[in-house]
$ cat start_20.txt   # compact mmCIF, C-alpha atoms
# COMPACT_ATOMS: atom_id res chain seq x y z
CA MET A 1 54.65 -12.32 11.03
CA ASN A 2 53.54 -10.28 14.02
CA ASP A 3 52.23 -7.56 11.71
CA ALA A 4 50.16 -10.12 9.80
CA ASN A 5 48.72 -11.49 13.04
CA ASP A 6 47.90 -7.98 14.21
CA ARG A 7 46.08 -7.26 10.97
CA MET A 8 44.14 -10.52 11.23
CA ARG A 9 43.14 -9.72 14.82
CA MET A 10 42.04 -6.26 13.75
CA VAL A 11 39.94 -7.62 10.89
CA ALA A 12 38.41 -10.24 13.21
CA GLY A 13 37.60 -7.56 15.76
CA ILE A 14 35.90 -5.43 13.15
CA MET A 15 33.88 -8.41 11.95
CA VAL A 16 32.80 -9.25 15.52
CA LEU A 17 31.82 -5.63 16.12
CA GLY A 18 29.86 -5.55 12.87
CA SER A 19 28.09 -8.81 13.71
CA PHE A 20 27.22 -7.55 17.19
CA TYR A 21 25.97 -4.27 15.77
CA ARG A 22 23.78 -6.00 13.17
CA LYS A 23 22.41 -8.34 15.82
CA THR A 24 21.40 -5.33 17.88
CA PHE A 25 19.29 -3.97 15.06
CA ASP A 26 17.90 -7.43 14.26
CA MET A 27 15.78 -7.12 17.40
CA ASP A 28 13.94 -4.19 15.88
CA HIS A 29 10.50 -4.64 14.30
CA SER A 30 11.44 -2.55 11.30
CA ASP A 31 11.27 -4.24 7.91
CA THR A 32 14.76 -2.94 7.05
CA SER A 33 17.25 -5.80 7.23
CA ALA A 34 20.04 -5.58 9.79
CA ALA A 35 22.76 -5.89 7.12
CA ALA A 36 21.21 -3.11 5.02
CA PHE A 37 20.84 -0.87 8.06
CA PHE A 38 24.39 -1.51 9.23
CA SER A 39 25.78 -0.69 5.79
CA ARG A 40 23.66 2.46 5.60
CA VAL A 41 24.80 3.66 9.04
CA ILE A 42 28.48 3.17 8.15
CA LYS A 43 28.02 5.20 4.97
CA LEU A 44 26.22 7.96 6.88
CA VAL A 45 28.89 8.09 9.61
CA LEU A 46 31.74 8.20 7.07
CA SER A 47 29.96 10.90 5.07
CA PHE A 48 29.29 12.92 8.24
CA TRP A 49 32.91 13.00 9.36
CA ALA A 50 34.31 13.39 5.83
CA ALA A 51 32.15 16.49 5.43
CA GLU A 52 33.40 17.81 8.79
CA PHE A 53 37.02 17.10 7.80
CA PHE A 54 36.82 19.10 4.57
CA MET A 55 34.77 21.91 6.12
CA THR A 56 37.37 22.29 8.88
CA GLY A 57 40.17 22.35 6.30
CA GLY A 58 38.31 25.01 4.34
CA LEU A 59 37.86 27.07 7.49
CA TRP A 60 41.60 26.95 8.17
CA VAL A 61 42.28 28.21 4.65
CA VAL A 62 39.81 31.09 5.17
CA LEU A 63 41.63 32.00 8.39
CA GLY A 64 44.93 32.13 6.48
CA VAL A 65 46.42 28.98 8.00
CA ASN A 66 47.96 26.26 5.88
CA PRO A 67 46.14 23.05 6.94
CA VAL A 68 48.58 20.64 5.24
CA ASP A 69 50.75 20.09 8.32
CA TYR A 70 47.70 19.56 10.55
CA ALA A 71 45.86 17.29 8.06
CA PRO A 72 47.48 13.98 9.31
CA ILE A 73 46.47 14.76 12.88
CA LYS A 74 42.99 15.73 11.83
CA LEU A 75 42.66 12.54 9.77
CA VAL A 76 43.61 10.34 12.73
CA VAL A 77 41.19 12.20 15.01
CA SER A 78 38.42 11.87 12.40
CA LEU A 79 38.95 8.10 12.18
CA VAL A 80 38.75 7.91 15.98
CA CYS A 81 35.53 9.95 15.82
CA VAL A 82 34.10 7.51 13.27
CA LEU A 83 34.69 4.57 15.62
CA ILE A 84 33.27 6.47 18.61
CA THR A 85 30.23 7.51 16.58
CA LEU A 86 29.55 3.89 15.61
CA MET A 87 29.71 2.92 19.30
CA ILE A 88 27.32 5.74 20.24
CA SER A 89 24.97 4.65 17.47
CA HIS A 90 25.13 1.09 18.77
CA ILE A 91 24.23 2.17 22.31
CA VAL A 92 21.40 4.39 21.08
CA ALA A 93 20.10 1.54 18.91
CA MET A 94 19.98 -0.71 21.97
CA MET A 95 17.81 1.92 23.68
CA ARG A 96 15.33 2.34 20.84
CA ALA A 97 12.56 0.67 22.88
CA ARG A 98 12.79 3.44 25.51
CA ASN A 99 11.19 6.86 25.17
CA ILE A 100 12.91 9.55 23.14
CA ALA A 101 13.67 11.74 26.18
CA ALA A 102 15.80 8.97 27.70
CA GLN A 103 17.58 8.42 24.40
CA VAL A 104 18.37 12.15 24.09
CA PHE A 105 19.64 12.33 27.68
CA VAL A 106 21.96 9.34 27.22
CA SER A 107 23.09 10.77 23.88
CA ALA A 108 24.04 14.05 25.57
CA VAL A 109 26.11 12.25 28.22
CA LEU A 110 27.79 10.07 25.60
CA SER A 111 28.51 13.12 23.43
CA ILE A 112 30.35 14.81 26.32
CA LEU A 113 32.41 11.69 27.00
CA ALA A 114 33.13 11.12 23.30
CA SER A 115 34.19 14.71 22.73
CA THR A 116 36.46 14.56 25.78
CA VAL A 117 38.21 11.46 24.42
CA ALA A 118 38.54 12.86 20.88
CA THR A 119 39.76 16.26 22.09
CA THR A 120 42.32 14.69 24.43
CA ILE A 121 43.68 12.57 21.57
CA ASP A 122 43.76 15.66 19.36
CA TYR A 123 45.64 17.62 22.06
CA HIS A 124 48.28 14.95 22.66
CA LEU A 125 48.86 14.40 18.94
CA PHE A 126 49.21 18.15 18.41
CA THR A 127 51.64 18.43 21.30
CA TYR A 128 53.68 15.45 20.11
CA VAL A 129 53.84 16.32 16.41
CA LYS A 130 53.96 20.11 16.85
CA PRO A 131 52.78 20.98 13.34
CA ALA A 132 54.02 24.29 11.94
CA VAL A 133 50.61 25.94 11.80
CA GLY A 134 51.48 28.98 13.83
CA VAL A 135 48.81 28.26 16.42
CA ASP A 136 49.34 27.36 20.07
CA TYR A 137 47.07 24.68 21.56
CA THR A 138 46.08 26.65 24.66
CA ILE A 139 43.44 25.73 27.23
CA GLU A 140 41.08 28.08 25.40
CA ASN A 141 41.56 26.15 22.15
CA PHE A 142 41.10 22.89 24.05
CA CYS A 143 37.74 24.05 25.46
CA TYR A 144 36.65 25.33 22.05
CA THR A 145 37.50 21.97 20.45
CA LEU A 146 35.75 20.14 23.31
CA PHE A 147 32.46 22.03 22.92
CA TYR A 148 32.70 21.84 19.14
CA GLY A 149 33.03 18.05 19.42
CA VAL A 150 30.08 17.85 21.83
CA SER A 151 27.90 19.67 19.30
CA LEU A 152 28.98 17.31 16.52
CA PHE A 153 28.44 14.09 18.50
CA PHE A 154 25.15 15.28 19.98
CA GLY A 155 23.99 16.47 16.55
CA TRP A 156 24.72 13.04 15.09
CA SER A 157 22.95 11.31 17.99
CA CYS A 158 19.80 13.39 17.51
CA PHE A 159 19.88 12.68 13.79
CA PHE A 160 20.32 8.97 14.44
CA ILE A 161 17.40 8.88 16.89
CA ALA A 162 15.18 10.65 14.35
CA TYR A 163 16.40 8.31 11.62
CA MET A 164 15.53 5.17 13.60
CA TYR A 165 12.15 6.62 14.54
CA ASN A 166 11.46 7.39 10.89
CA LEU A 167 12.29 3.80 9.92
CA LYS A 168 9.98 2.51 12.65
CA VAL A 169 7.09 4.75 11.59
CA ARG A 170 7.49 3.88 7.92
CA ALA A 171 7.57 0.16 8.75
CA GLN A 172 4.41 0.53 10.85
CA GLU A 173 2.69 2.40 8.03
CA ARG A 174 3.62 -0.34 5.56
CA ARG A 175 2.43 -3.08 7.90
CA LEU A 176 -0.82 -1.18 8.53
CA ALA A 177 -1.35 -0.75 4.79
CA ILE A 178 -0.73 -4.48 4.25
CA SER A 179 -3.17 -5.34 7.05
CA ARG A 180 -5.82 -3.07 5.57
CA GLU A 181 -5.26 -4.56 2.13
CA GLU A 182 -5.58 -8.09 3.49
CA ALA A 183 -8.75 -7.17 5.39
CA LEU A 184 -10.21 -5.52 2.28
CA THR A 185 -9.30 -8.55 0.17
CA ALA A 186 -10.99 -10.92 2.62
CA LYS A 187 -14.08 -8.71 2.71
CA MET A 188 -14.25 -8.47 -1.08
CA GLN A 189 -13.93 -12.24 -1.41
CA ALA A 190 -16.67 -12.81 1.17
CA LEU A 191 -19.01 -10.42 -0.59
CA TYR A 192 -18.21 -11.94 -3.97
CA TYR A 193 -18.94 -15.48 -2.82
CA GLN A 194 -22.35 -14.36 -1.56
CA ILE A 195 -23.40 -13.67 -5.16
CA ASN A 196 -23.45 -17.22 -6.48
CA PRO A 197 -25.65 -18.72 -3.72
CA HIS A 198 -28.10 -15.84 -4.07
CA PHE A 199 -28.21 -16.21 -7.85
CA LEU A 200 -28.40 -20.00 -7.61
CA PHE A 201 -31.40 -19.80 -5.28
CA ASN A 202 -33.30 -17.60 -7.74
CA THR A 203 -32.39 -19.73 -10.75
CA LEU A 204 -33.36 -23.00 -9.08
CA ASN A 205 -36.73 -21.44 -8.33
CA SER A 206 -37.05 -20.69 -12.04
CA ILE A 207 -36.20 -24.32 -12.90
CA VAL A 208 -38.79 -25.58 -10.41
CA GLY A 209 -41.34 -23.27 -12.00
CA LEU A 210 -40.59 -24.63 -15.48
CA ILE A 211 -40.88 -28.21 -14.26
CA GLU A 212 -44.20 -27.46 -12.60
CA GLU A 213 -45.44 -25.94 -15.84
CA GLY A 214 -44.42 -29.08 -17.73
CA ALA A 215 -41.74 -27.32 -19.78
CA SER A 216 -39.13 -30.05 -19.34
CA SER A 217 -37.15 -29.12 -22.46
CA GLN A 218 -36.89 -25.54 -21.31
CA ALA A 219 -35.88 -26.71 -17.84
CA SER A 220 -33.11 -28.83 -19.40
CA ARG A 221 -31.80 -25.85 -21.35
CA VAL A 222 -31.85 -23.72 -18.20
CA VAL A 223 -29.89 -26.40 -16.31
CA LEU A 224 -27.25 -26.49 -19.07
CA SER A 225 -27.07 -22.70 -19.21
CA LEU A 226 -26.84 -22.56 -15.43
CA SER A 227 -24.01 -25.09 -15.45
CA SER A 228 -22.08 -23.04 -18.01
CA PHE A 229 -22.64 -19.79 -16.14
CA LEU A 230 -21.65 -21.18 -12.76
CA ARG A 231 -18.53 -22.80 -14.19
CA LYS A 232 -17.34 -19.44 -15.53
CA THR A 233 -18.16 -17.50 -12.38
CA LEU A 234 -16.70 -20.05 -9.97
CA GLU A 235 -13.45 -20.21 -11.95
CA MET A 236 -13.22 -16.43 -11.94
CA ASP A 237 -10.83 -14.62 -9.61
CA PRO A 238 -13.04 -12.58 -7.25
CA LEU A 239 -10.45 -9.79 -7.11
CA ARG A 240 -9.90 -9.60 -10.86
CA ASP A 241 -11.52 -6.70 -12.61
CA LEU A 242 -13.31 -7.23 -15.90
CA ALA A 243 -13.80 -5.01 -18.90
CA LEU A 244 -17.38 -3.78 -19.00
CA SER A 245 -17.93 -5.73 -22.22
CA GLU A 246 -16.91 -8.97 -20.45
CA GLU A 247 -19.24 -8.24 -17.56
CA LEU A 248 -22.09 -7.60 -19.99
CA ALA A 249 -21.36 -10.90 -21.75
CA LEU A 250 -21.78 -12.71 -18.43
CA GLN A 251 -25.06 -10.92 -17.77
CA SER A 252 -26.25 -11.87 -21.25
CA GLU A 253 -25.81 -15.51 -20.27
CA TYR A 254 -27.82 -14.97 -17.11
CA LEU A 255 -30.58 -13.19 -19.03
CA ALA A 256 -30.64 -16.07 -21.50
CA ILE A 257 -31.52 -18.32 -18.56
CA GLU A 258 -34.36 -16.05 -17.47
CA LYS A 259 -35.68 -15.71 -21.01
CA GLU A 260 -36.21 -19.46 -21.13
CA ARG A 261 -38.95 -18.96 -18.59
CA PHE A 262 -40.20 -15.50 -19.56
CA SER A 263 -39.42 -15.50 -23.29
CA ASP A 264 -42.41 -13.44 -24.28
CA ARG A 265 -42.23 -10.92 -21.45
CA ILE A 266 -38.59 -9.76 -21.22
CA SER A 267 -36.75 -7.49 -23.61
CA VAL A 268 -33.26 -6.22 -22.95
CA THR A 269 -31.48 -3.16 -24.34
CA LEU A 270 -27.81 -2.37 -23.86
CA ASP A 271 -26.92 1.29 -24.19
CA ILE A 272 -23.15 1.24 -23.80
CA PRO A 273 -20.94 3.80 -25.60
CA GLN A 274 -18.09 2.14 -27.45
CA GLU A 275 -15.44 4.09 -25.55
CA LEU A 276 -16.74 2.75 -22.21
CA ARG A 277 -16.82 -0.92 -23.15
CA THR A 278 -13.21 -1.37 -22.08
CA ALA A 279 -13.66 0.38 -18.70
CA LEU A 280 -12.80 -1.85 -15.76
CA VAL A 281 -15.48 -2.96 -13.29
CA PRO A 282 -15.42 -5.47 -10.40
CA SER A 283 -16.41 -8.94 -11.55
CA LEU A 284 -20.14 -9.75 -11.37
CA ILE A 285 -20.92 -6.28 -10.05
CA LEU A 286 -23.96 -6.06 -12.33
CA GLN A 287 -25.30 -9.51 -11.50
CA PRO A 288 -27.45 -8.55 -8.47
CA LEU A 289 -28.71 -5.44 -10.28
CA VAL A 290 -29.95 -7.46 -13.24
CA GLU A 291 -31.40 -10.10 -10.90
CA ASN A 292 -33.22 -7.38 -9.00
CA ALA A 293 -34.65 -5.95 -12.25
CA VAL A 294 -35.98 -9.35 -13.36
CA LYS A 295 -37.30 -10.48 -10.00
CA HIS A 296 -39.05 -7.29 -8.94
CA GLY A 297 -39.96 -6.10 -12.42
CA LEU A 298 -41.88 -9.28 -13.22
CA GLY A 299 -43.03 -9.86 -9.66
CA ARG A 300 -44.85 -6.53 -9.44
CA SER A 301 -46.60 -6.67 -12.80
CA SER A 302 -48.29 -9.12 -15.10
CA GLY A 303 -47.22 -7.17 -18.17
CA ASP A 304 -44.02 -7.16 -20.20
CA LEU A 305 -40.73 -6.04 -18.75
CA LYS A 306 -38.19 -3.85 -20.48
CA ILE A 307 -34.68 -3.89 -19.01
CA THR A 308 -32.14 -1.29 -20.06
CA ILE A 309 -28.48 -1.52 -19.06
CA SER A 310 -26.68 1.74 -19.74
CA ALA A 311 -23.31 3.33 -19.04
CA SER A 312 -22.20 6.95 -19.00
CA GLN A 313 -19.22 9.01 -18.00
CA GLU A 314 -19.44 11.86 -15.49
CA GLU A 315 -16.03 13.55 -15.37
CA ASP A 316 -13.75 10.83 -13.94
CA ARG A 317 -16.64 8.61 -12.80
CA LEU A 318 -18.31 5.67 -14.50
CA GLN A 319 -22.07 5.40 -14.00
CA LEU A 320 -23.85 2.12 -14.66
CA SER A 321 -27.65 2.04 -14.59
CA VAL A 322 -30.12 -0.83 -14.76
CA ASP A 323 -33.70 0.27 -15.49
CA ASN A 324 -36.71 -2.01 -15.45
CA VAL A 325 -39.98 -0.67 -16.89
CA SER A 326 -43.21 -2.64 -16.62
CA ASP A 327 -45.96 -2.07 -19.18
CA ALA A 328 -48.65 -2.41 -16.56
CA GLY A 329 -47.54 -2.13 -13.01
CA GLU A 330 -48.69 -0.95 -9.66
CA VAL A 331 -47.24 1.96 -7.74
CA LEU A 332 -43.79 1.07 -6.45
CA PRO A 333 -42.83 2.07 -2.91
CA MET A 334 -39.80 4.23 -2.38
CA VAL A 335 -36.74 2.13 -1.58
CA LYS A 336 -34.72 3.57 1.27
CA ARG A 337 -31.10 2.71 1.86
CA SER A 338 -32.03 0.55 4.86
CA GLY A 339 -34.57 -1.29 2.72
CA LEU A 340 -32.21 -2.56 0.04
CA GLY A 341 -32.49 -6.27 -0.59
CA VAL A 342 -29.68 -8.75 -0.12
CA GLY A 343 -28.41 -8.39 -3.70
CA LEU A 344 -28.38 -4.57 -3.85
CA ALA A 345 -27.00 -4.27 -0.32
CA ASN A 346 -24.23 -6.64 -1.34
CA VAL A 347 -23.32 -4.49 -4.34
CA GLU A 348 -23.42 -1.31 -2.28
CA GLU A 349 -21.07 -2.80 0.30
CA ARG A 350 -18.72 -4.16 -2.38
CA VAL A 351 -18.40 -0.90 -4.27
CA LYS A 352 -17.91 1.15 -1.09
CA ALA A 353 -15.29 -1.25 0.20
CA ARG A 354 -13.45 -1.20 -3.12
CA PHE A 355 -13.79 2.55 -3.77
CA PRO A 356 -14.19 4.33 -0.41
CA GLU A 357 -13.89 7.77 -1.97
CA GLY A 358 -15.85 7.29 -5.18
CA GLY A 359 -18.22 4.32 -4.95
CA SER A 360 -21.97 4.60 -4.40
CA LEU A 361 -25.29 2.93 -5.21
CA ILE A 362 -28.64 4.68 -5.57
CA ALA A 363 -31.87 2.70 -6.01
CA GLY A 364 -35.44 3.89 -6.28
CA PRO A 365 -38.53 4.29 -8.49
CA VAL A 366 -38.47 6.84 -11.29
CA SER A 367 -42.20 6.42 -11.89
CA PRO A 368 -44.86 3.93 -10.70
CA ALA A 369 -43.78 1.41 -13.34
CA HIS A 370 -40.11 2.39 -13.66
CA PHE A 371 -37.39 1.36 -11.20
CA ARG A 372 -33.72 2.34 -11.55
CA VAL A 373 -30.49 1.31 -9.85
CA THR A 374 -27.43 3.49 -10.51
CA LEU A 375 -23.93 2.39 -9.64
CA THR A 376 -21.08 4.91 -9.55
CA MET A 377 -17.36 4.15 -9.41
CA PRO A 378 -14.07 5.65 -10.65
CA LEU A 379 -13.54 5.34 -14.39
CA ARG A 380 -10.49 3.12 -14.93
CA ALA A 381 -8.84 2.06 -18.14
CA PRO A 382 -7.64 -1.55 -18.61
CA ALA A 383 -4.05 -2.62 -19.16
CA ALA A 384 -2.96 -2.79 -22.79
CA ASP A 385 -2.70 -6.57 -22.81
CA ARG A 386 -6.37 -6.91 -21.92
CA LEU A 387 -7.79 -4.68 -24.63
CA ALA A 388 -7.78 -7.52 -27.15
CA ASP A 389 -9.60 -9.86 -24.77
CA ALA A 390 -12.20 -7.23 -24.05
CA ALA A 391 -12.80 -6.72 -27.77
CA ILE A 392 -13.25 -10.45 -28.33
CA ASN A 393 -15.74 -10.75 -25.49
CA ALA A 394 -17.63 -7.56 -26.38
CA ALA A 395 -21.38 -7.88 -26.11
CA PRO A 396 -23.73 -6.67 -28.88
CA ALA A 397 -25.11 -3.17 -28.60
CA VAL A 398 -28.77 -4.26 -28.55
CA THR A 399 -30.27 -7.56 -27.53
CA ALA A 400 -33.94 -8.16 -28.06

$ encode --input "start_20.txt" --output "structure tokens"
Amino acid sequence: MNDANDRMRMVAGIMVLGSFYRKTFDMDHSDTSAAAFFSRVIKLVLSFWAAEFFMTGGLWVVLGVNPVDYAPIKLVVSLVCVLITLMISHIVAMMRARNIAAQVFVSAVLSILASTVATTIDYHLFTYVKPAVGVDYTIENFCYTLFYGVSLFFGWSCFFIAYMYNLKVRAQERRLAISREEALTAKMQALYYQINPHFLFNTLNSIVGLIEEGASSQASRVVLSLSSFLRKTLEMDPLRDLALSEELALQSEYLAIEKERFSDRISVTLDIPQELRTALVPSLILQPLVENAVKHGLGRSSGDLKITISASQEEDRLQLSVDNVSDAGEVLPMVKRSGLGVGLANVEERVKARFPEGGSLIAGPVSPAHFRVTLTMPLRAPAADRLADAAINAAPAVTA
């Protein structure tokens, strides 16, 4: 009965120690759970002293001493060292908020005390059991064992400090990456939601123009087309990428709206290689470019306007270009980066935020009547389950 009670008290003590140890690490800001950390530390401590146990036994064999008689003593001492190491780890964990120099100093002091306790237990057990190993436990052997133990405990303490620091740094890096991702997501959403008001303003101006011209039927068709276009864009996830063919289909709807007003002046050509139609692009990334081509192409000339949307591959980069050529136009001023309009500046900011290393926008006149905007981004292939959708929504190669 007494033995059972002793075992129960021992188990309860171990559970209390484990709970206290886990609670200590719970105060840390690391994203490793206390239970997972506690379990990992126990495994590391057991592995550390198991390796030392077998290495010591192997050394005795090399020295020509049979370690069998000494193995029980060594096993008891190793178990004591495991418990002491867990206590040292607990104390060091409680000091993790202090600087590393203080942790190392305390670890050195604890290592000396721990080695003294372990060596004393080893000495008394050796003296009591007197194993037939043919070796006397002299003061010289005691000092050797003492310093050997100090090196082991201090080595573990330094490893444990480095291990906790590594966990802290990795957790900080993950939190920083999450913060950057959240900031980028918020920025991308803000830039995306600027597109619809800008487009809506231009389209409403077109509707007003049709009404003023007395083209009520055309104005009605534009309103219906605008309603359909806005419904699709507003329901779209601003962070979801589209296949290029899907993006072109959306732009075809927008151009259909503009053609209601300028039916005899606008012609559109799509020059998109078949292999690039499934490339992924940010949603509505072409919208401001096409708007810019229509607005400025027709606004600077009384002649017809030819719009060409083209795509090409440059190594691992996708280049999208929107050209607008006026049949009779005046000389166009050079567009500097600081002079980009709201729409183009929006696209430039979006693509640079999304692709910091490979996104760019270049805009400027090619000739007095020819203006070009080129968008560059990494060439990315879609997931397999979206290839079918992209094929269904593919736009025609040429639209007149």

$ closest_residue --input "start_20.txt" --among "A:Ser216, A:Gln274, A:Asn205, A:Asn99" --to "Ile161 in chain A" --atoms "all atoms listed in the file"
A:Asn99

$ residues_around --input "start_20.txt" --residues "Lys259 in chain A" --least-positions-apart "6" --cutoff "12 Å" --atoms "only C-alpha atoms" --output "JSON, numbers by chain"
{"A": [203, 206, 207, 210, 218, 219, 221, 222, 225, 252, 253, 265, 266, 267, 268, 294, 298, 304, 305, 399, 400]}

$ atom_distance --input "start_20.txt" --atom1 "CA of Val117 in chain A" --atom2 "CA of Phe37 in chain A"
26.9 Å

$ closest_residue --input "start_20.txt" --among "A:Val92, A:Leu375, A:Ala279, A:Ile309" --to "Tyr163 in chain A" --atoms "only C-alpha atoms"
A:Val92

$ axis_aligned_box --input "start_20.txt" --around "range 53-66 of chain A" --padding-each-side "3 Å" --output "JSON"
{"center_x": 41.4, "center_y": 24.6, "center_z": 6.6, "size_x": 19.2, "size_y": 21.0, "size_z": 10.5}

$ residues_around --input "start_20.txt" --residues "Ile73 in chain A" --least-positions-apart "6" --cutoff "8 Å" --atoms "only C-alpha atoms" --output "list in words"
Asp122, Leu125 and Phe126 of chain A

$ residues_around --input "start_20.txt" --residues "range 164-166 of chain A" --least-positions-apart "2" --cutoff "12 Å" --atoms "all atoms listed in the file" --output "VMD selection string"
chain A and resid 25 28 to 32 37 to 38 40 to 41 89 to 90 92 to 100 103 157 to 162 168 to 173

$ closest_residue --input "start_20.txt" --among "A:Ser220, A:Leu244, A:Asn141, A:Glu235" --to "Ile257 in chain A" --atoms "all atoms listed in the file"
A:Ser220

$ closest_residue --input "start_20.txt" --among "A:Ala345, A:Leu270, A:Leu167, A:Leu276" --to "Ala381 in chain A" --atoms "only C-alpha atoms"
A:Leu276

$ atom_distance --input "start_20.txt" --atom1 "CA of Gly359 in chain A" --atom2 "CA of Met377 in chain A"
4.5 Å

$ residues_around --input "start_20.txt" --residues "range 314-326 of chain A" --least-positions-apart "6" --cutoff "7 Å" --atoms "all atoms listed in the file" --output "list in words"
Leu289, Val290, Ala293, Gly297, Ser301, Gly303, Asp304, Leu305, Lys306, Ile307, Thr308, Ala369, His370, Phe371, Arg372, Val373, Thr374, Leu375, Thr376, Met377, Pro378 and Leu379 of chain A

$ atom_distance --input "start_20.txt" --atom1 "CA of Val150 in chain A" --atom2 "CA of Thr119 in chain A"
9.8 Å
